[in-house]
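Enquirer: Handing you a structure now.
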Amino acid sequence: MCGITGYVTNNSLPAEREVLQAMNCAIAHRGPDDDGFYIKENVGLAMRRLSIIDLASGKQPIRNADGTKWIVYNGEIYNYQELRRDLEANGHKLYTNSDTEAIVHLYDVYGPECLHFLRGMFALAIWDENDRSLFLARDRVGKKPLLYSHQADGTLIFGSEFQALLKHPAISREVDFEAIDAYLSYLCVPAPKTAFKQIRKLEPGHWLLWKGGKIEMNRYWRPDFSKKIKISEREAIEETTRLLRESTRLRMISEVPLGAFLSGGVDSSTVVALMAQESSQPVKTFSIGFEEQDFSELKYAKRVAEHVGAEYNEFIVRPNAMDVLPTLVEHYGEPYADSSAIPTYYVSKETRKHVTVALNGDGGDESFAGYERYAAMRFAEKYYRLPRNLRRVLVEMPAALIPTSELRRSRLRDGKRFVQAAGLPRIERYFRWSSTFHAAEKLEVATDDFRNLAENADAIGVLDKWFAAANGSSIIDATLLTDLMTYLPNDLLVKVDIASMANSLEARSPFLDHKVIEFAASLPANQKMRGMQTKYLLKKVATQLVPKDVVYRRKMGFGVPIGRWLRNEMRPFLHEVLLSDRSMKRGIIKPEALRQYVQEHTESKRDHSYKLWTLLMLELWFQRFIDQN
């Protein structure tokens, strides 16, 4: 596990070691154990290493047999031992015991097609001295980040995090306001855009080839929901269990201490139970909760740990978590407003005191239909077919009478939110449910200047292409595909990678094994969701491993009580940041709208938690990355 960075120029200027060292030092937290450099003429590669496998000889950069190709790489290839055996059987001479060396030899033989052999998470860069080309690639689902900037003169700059690229003197900090518009909807900036005009994200499942100042990009993987298999429920349960067990076992390969995040939800509980069955020692588990009991799942996490004989460690997050906000803003590098980054950062920090690797349950919801919005999307398809006047008189008008001042999550409030969007076409409906500021709200509260700067913004377009790519699949499969290609890599995986690597902790996700994802995609939709029962099949799997009452309860998610914090302990901070002269003159949200959001929320008239958090994190980002420069 590492951080990587580097650049290649398209002119006679040599790569400068001082620049490369500054870029590499900026991501030292990703790999505190070691660093490495390759500098030759116009190309420079660098890496920071967190030693997990082949502690003795796995130092990067690593070369191929004749020293004509050099690789820096961030990630773990879980089938690397099998790949190494195959390479050696075909005459390849390897000088380390690492997974990194297997990749560069596979590239020697197969070129970009080598990516199809890799089972794991990765972001990599390979310089070919003979071809004078630079090859970048990112894993299938986007576990590992990879940013790049293709300059007007042909120079290509890349790195694992923004801090690395921003150390290069050619990188401008000009803001991409179309990206900011998308951020206001999604809490994050969807790939391939970033908040900086000159920096882009290499999308998951893609490779990029630089040669002679020009770049070529290609997608090499995406899940296919069109090819369904005929399988009984019993067979599906058995195969899902087998694949998850195999995926978990592979991710337990480590030469350093290993544990697991345990939330008490279905996914992490399943992973911990499988780890316990595969381990000869009690699994070390780490859980985090809140003093506010309706946001805390600690009692379920503890019950699971006791049931499987795991070692249980818990931590409580309190409102003074705002102390960590500058750290989060610094590490995420662009506006990011998923508030669960706070507990993720803290659980990573505490976990790192005990282990270097932690498994988690990320990805279960997006493959096995775990979110309540899947049930809502299915029901809304039927609702949408009712006559418009009937919907308005019998449902929408009564729903409008539900008080909007309700501050606690409830079925009543959820029902009103459902009705407000259920009568829209499916993509607009999904966008309304998944966005913080939907299109009409942005028109109402955004300044004229901001709308002009972001006039070509198309936030909903992020979803359009994936619903279209579902190619006639059921509404459940279409929504799953969209989540797998947007919400999962743009929000959830960014959250965990940055929060964990900020603490030099490697996070591994058995549910994100591409074989698990592909199998889930091949299952009929009614095995993933039966009626309105979310995660139908996976819950059948989980009940074989953990207590049934832990499995069959309402999903809580990894929520944070930010609404209460902003009304109470964080109220002075909220006023200080969002109602400051600097914020009021920012020119994105109208000052009167900012005042209204703050006043209504802090006086408990309306719940503006997500809007305020989104605006707060945006303002903190501007202050740190734009105003200071």
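We name chains A, B, ... following the order of the structure tokens; residues begin at 1 in each chain, and ligands are numbered from 1 as shown.
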Would you kindly return, as JSON, numbers by chain, each protein, DNA or RNA residue with an atom no farther than 7 Å from any atom of region 138-150 of chain A, considering only C-alpha atoms and excluding same-chain residues fewer than 2 positions away?

Expert: {"A": [75, 121, 122, 123, 124, 152, 154, 155, 156, 157, 158, 159, 160, 161, 198, 199, 200, 201, 202, 204, 205, 206, 207, 221, 489, 493, 497]}

Enquirer: Store the residues picked out above in a file with C-alpha atoms, as a tab-separated table (two decimals), in the first residue's frame.

Expert:
```tsv
chain	number	residue	atom	x	y	z
A	75	GLY	CA	-2.64	-1.22	-3.82
A	121	MET	CA	-7.19	-2.74	-5.77
A	122	PHE	CA	-4.60	-0.62	-7.50
A	123	ALA	CA	-3.45	2.63	-9.03
A	124	LEU	CA	-0.24	2.24	-11.03
A	152	ALA	CA	-1.21	22.33	-22.87
A	154	GLY	CA	1.88	17.84	-23.41
A	155	THR	CA	3.29	17.40	-19.90
A	156	LEU	CA	1.43	14.77	-17.85
A	157	ILE	CA	1.42	15.07	-14.05
A	158	PHE	CA	-0.16	12.42	-11.81
A	159	GLY	CA	-0.57	11.45	-8.19
A	160	SER	CA	-2.63	9.67	-5.56
A	161	GLU	CA	-3.89	12.87	-3.91
A	198	GLN	CA	-6.47	21.55	-14.53
A	199	ILE	CA	-6.82	18.31	-12.55
A	200	ARG	CA	-8.93	15.31	-13.53
A	201	LYS	CA	-9.66	11.91	-12.01
A	202	LEU	CA	-8.84	8.78	-13.94
A	204	PRO	CA	-12.46	3.47	-12.20
A	205	GLY	CA	-11.89	0.64	-14.66
A	206	HIS	CA	-9.85	2.88	-16.99
A	207	TRP	CA	-6.30	3.10	-18.25
A	221	TRP	CA	-14.15	-3.10	-17.20
A	489	PRO	CA	-16.51	5.42	-6.30
A	493	LEU	CA	-14.60	4.84	-1.65
A	497	ASP	CA	-9.40	5.69	1.19
```

Enquirer: Applying 10 Å and only C-alpha atoms, which residues near Glu372 (chain A) remain after dropping the ones on its own chain fewer than 2 positions away? List them as a VMD selection string.

Expert: chain A and resid 365 369 to 370 374 to 377 532 to 535 554 to 555

Enquirer: As a PyMOL selection string, list the residues of region 142-372 of chain A assigned to strand (DSSP E or B) by DSSP on the backbone atoms of this structure.

Expert: chain A and resi 147-150+156-159+175+196+200-201+206-211+214-219+258-261+284-290+311-317+357-359

Enquirer: Restricting the calculation to only C-alpha atoms: of A:Tyr346, A:Gln281, A:Asp338, A:Arg222, which residue gets closest to Asn320 (chain A)?

Expert: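 So, comparing all the options, the nearest one is A:Tyr346.
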
Enquirer: So which bits of region 222-329 of chain A end up helix (DSSP H, G or I) when you DSSP the backbone, as JSON, numbers by chain?

Expert: {"A": [233, 234, 235, 236, 237, 238, 239, 240, 241, 242, 243, 244, 245, 246, 247, 248, 249, 250, 266, 267, 268, 269, 270, 271, 272, 273, 274, 275, 276, 277, 278, 293, 294, 295, 298, 299, 300, 301, 302, 303, 304, 305, 306, 307, 308, 319, 320, 321, 322, 323, 324, 325, 326, 327, 328, 329]}

Enquirer: So that I can see what lies close to region 100-109 of chain A, please list as an NGL selection string the residues with an atom at most 9 Å from it, counting only C-alpha atoms and leaving out residues fewer than 5 positions away in the same chain.

Expert: :A and (58 or 60-65 or 69-77 or 80-81 or 83-84 or 87 or 92 or 94-95 or 114-115 or 117-118 or 126)

Enquirer: Store the residues picked out above in a file with N, CA and C atoms, as a CSV table (one decimal), in the first residue's frame.

Expert:
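Resulting contents of selection-v5.csv:
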```csv
chain,number,residue,atom,x,y,z
A,58,GLY,N,10.4,-5.6,-1.2
A,58,GLY,CA,9.4,-5.0,-2.1
A,58,GLY,C,9.6,-3.5,-2.3
A,60,GLN,N,10.0,0.0,-4.0
A,60,GLN,CA,9.7,0.5,-5.3
A,60,GLN,C,10.6,1.7,-5.6
A,61,PRO,N,10.7,2.1,-6.9
A,61,PRO,CA,10.2,1.5,-8.1
A,61,PRO,C,10.8,0.1,-8.4
A,62,ILE,N,10.1,-0.7,-9.1
A,62,ILE,CA,10.5,-2.0,-9.4
A,62,ILE,C,10.5,-2.1,-11.0
A,63,ARG,N,11.5,-2.9,-11.5
A,63,ARG,CA,11.8,-3.0,-12.9
A,63,ARG,C,11.4,-4.3,-13.4
A,64,ASN,N,11.3,-4.4,-14.8
A,64,ASN,CA,11.2,-5.7,-15.4
A,64,ASN,C,12.5,-6.4,-15.5
A,65,ALA,N,12.6,-7.5,-16.2
A,65,ALA,CA,13.9,-8.3,-16.3
A,65,ALA,C,15.0,-7.5,-16.9
A,69,LYS,N,11.4,-1.3,-18.2
A,69,LYS,CA,10.1,-0.8,-17.7
A,69,LYS,C,10.2,-0.7,-16.2
A,70,TRP,N,9.6,0.4,-15.7
A,70,TRP,CA,9.7,0.7,-14.3
A,70,TRP,C,8.3,1.1,-13.8
A,71,ILE,N,7.9,0.5,-12.6
A,71,ILE,CA,6.6,0.7,-12.1
A,71,ILE,C,6.6,1.3,-10.7
A,72,VAL,N,5.7,2.2,-10.4
A,72,VAL,CA,5.3,2.6,-9.1
A,72,VAL,C,3.8,2.3,-8.9
A,73,TYR,N,3.4,1.8,-7.8
A,73,TYR,CA,2.1,1.2,-7.7
A,73,TYR,C,1.6,1.3,-6.2
A,74,ASN,N,0.3,1.6,-6.1
A,74,ASN,CA,-0.4,1.7,-4.9
A,74,ASN,C,-1.6,0.7,-4.9
A,75,GLY,N,-1.5,-0.2,-3.9
A,75,GLY,CA,-2.6,-1.2,-3.8
A,75,GLY,C,-2.2,-2.6,-3.3
A,76,GLU,N,-3.1,-3.5,-3.6
A,76,GLU,CA,-2.8,-4.9,-3.2
A,76,GLU,C,-3.4,-5.8,-4.3
A,77,ILE,N,-2.6,-6.7,-4.8
A,77,ILE,CA,-3.1,-7.7,-5.8
A,77,ILE,C,-3.2,-9.1,-5.0
A,80,TYR,N,-1.6,-12.5,-6.4
A,80,TYR,CA,-0.3,-12.2,-7.0
A,80,TYR,C,0.6,-13.5,-6.9
A,81,GLN,N,0.4,-14.3,-5.9
A,81,GLN,CA,1.2,-15.6,-5.8
A,81,GLN,C,1.0,-16.5,-7.0
A,83,LEU,N,-0.1,-15.5,-9.9
A,83,LEU,CA,0.4,-14.8,-11.1
A,83,LEU,C,1.9,-15.0,-11.2
A,84,ARG,N,2.6,-14.9,-10.1
A,84,ARG,CA,4.1,-15.1,-10.0
A,84,ARG,C,4.4,-16.5,-10.5
A,87,LEU,N,4.1,-16.8,-14.2
A,87,LEU,CA,5.2,-16.1,-14.9
A,87,LEU,C,6.5,-16.8,-14.8
A,92,HIS,N,10.0,-16.3,-16.8
A,92,HIS,CA,10.3,-15.0,-16.2
A,92,HIS,C,11.1,-15.1,-14.9
A,94,LEU,N,12.2,-13.4,-11.6
A,94,LEU,CA,11.7,-12.3,-10.6
A,94,LEU,C,12.7,-12.2,-9.5
A,95,TYR,N,13.0,-10.9,-9.1
A,95,TYR,CA,14.0,-10.7,-8.1
A,95,TYR,C,13.4,-10.3,-6.8
A,114,CYS,N,-3.0,-6.7,-19.4
A,114,CYS,CA,-2.6,-7.3,-18.2
A,114,CYS,C,-3.5,-7.0,-17.0
A,115,LEU,N,-4.3,-5.9,-17.1
A,115,LEU,CA,-5.2,-5.5,-16.1
A,115,LEU,C,-6.3,-6.5,-15.8
A,117,PHE,N,-5.9,-9.6,-15.6
A,117,PHE,CA,-5.4,-10.7,-14.7
A,117,PHE,C,-5.4,-10.3,-13.2
A,118,LEU,N,-5.5,-9.0,-13.0
A,118,LEU,CA,-5.3,-8.6,-11.6
A,118,LEU,C,-6.6,-8.6,-10.8
A,126,ILE,N,3.5,2.9,-15.1
A,126,ILE,CA,4.6,2.2,-15.7
A,126,ILE,C,5.2,3.0,-16.8
```

Enquirer: When you count only C-alpha atoms, which of these residues is closest to Ala164 (chain A): A:Asp549, A:Glu330, A:Glu441, A:Glu306?

Expert: A:Glu330

Enquirer: Which residues are close to Ala179 (chain A), i.e. within 10 Å by only C-alpha atoms, leaving aside same-chain residues fewer than 2 positions away? Reply as a VMD selection string.

Expert: chain A and resid 175 to 177 181 to 184 188 to 197 335 454 457 to 459

Enquirer: Could you jot down the CA of Arg586 (chain A) to CA of Glu444 (chain A) separation for me, Å, one decimal place?

Expert: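 A separation of 16.6 Å between them.
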
Enquirer: Enter the distance from CA of Lys228 (chain A) to CA of Leu523 (chain A), in Å, rounded to one decimal.

Expert: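 These atoms are spaced 5.8 Å apart.
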
Enquirer: Determine, counting only C-alpha atoms, which protein, DNA and RNA residues have an atom within 10 Å of an atom of Leu13 (chain A); residues of the same chain fewer than 3 positions away are not included. Present the result as JSON, numbers by chain.

Expert: {"A": [8, 9, 10, 16, 41, 42, 43]}

Enquirer: Now that the selection is made, can you save its residues with C-alpha atoms as a PDB file, in the first residue's frame?

Expert:
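Here's the written file part26.pdb:
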```
ATOM      1  CA  VAL A   8       6.685  13.345 -17.761  1.00  0.00           C
ATOM      2  CA  THR A   9       7.470  16.376 -19.919  1.00  0.00           C
ATOM      3  CA  ASN A  10       7.077  16.612 -23.686  1.00  0.00           C
ATOM      4  CA  GLU A  16      13.492  17.930 -11.507  1.00  0.00           C
ATOM      5  CA  GLU A  41      15.713  12.533 -18.608  1.00  0.00           C
ATOM      6  CA  ASN A  42      12.170  13.902 -18.925  1.00  0.00           C
ATOM      7  CA  VAL A  43      10.357  11.469 -16.608  1.00  0.00           C
TER       8      VAL A  43
END
```

Enquirer: Could you jot down the CA of His608 (chain A) to CA of Gly423 (chain A) separation for me, Å, one decimal place?

Expert: 23.7 Å

Enquirer: For a quick check of understanding, using only C-alpha atoms, which of A:Glu569, A:Glu297, A:Glu518, A:Glu366 has the smallest distance to Leu480 (chain A)?

Expert: A:Glu366

Enquirer: Using only C-alpha atoms, can you tell me which of A:Ala276, A:Val304, A:Val496, A:Ala380 comes closest to Lys349 (chain A)?

Expert: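 Nearest candidate to Lys349 (chain A) out of A:Ala276, A:Val304, A:Val496, A:Ala380: A:Val496.
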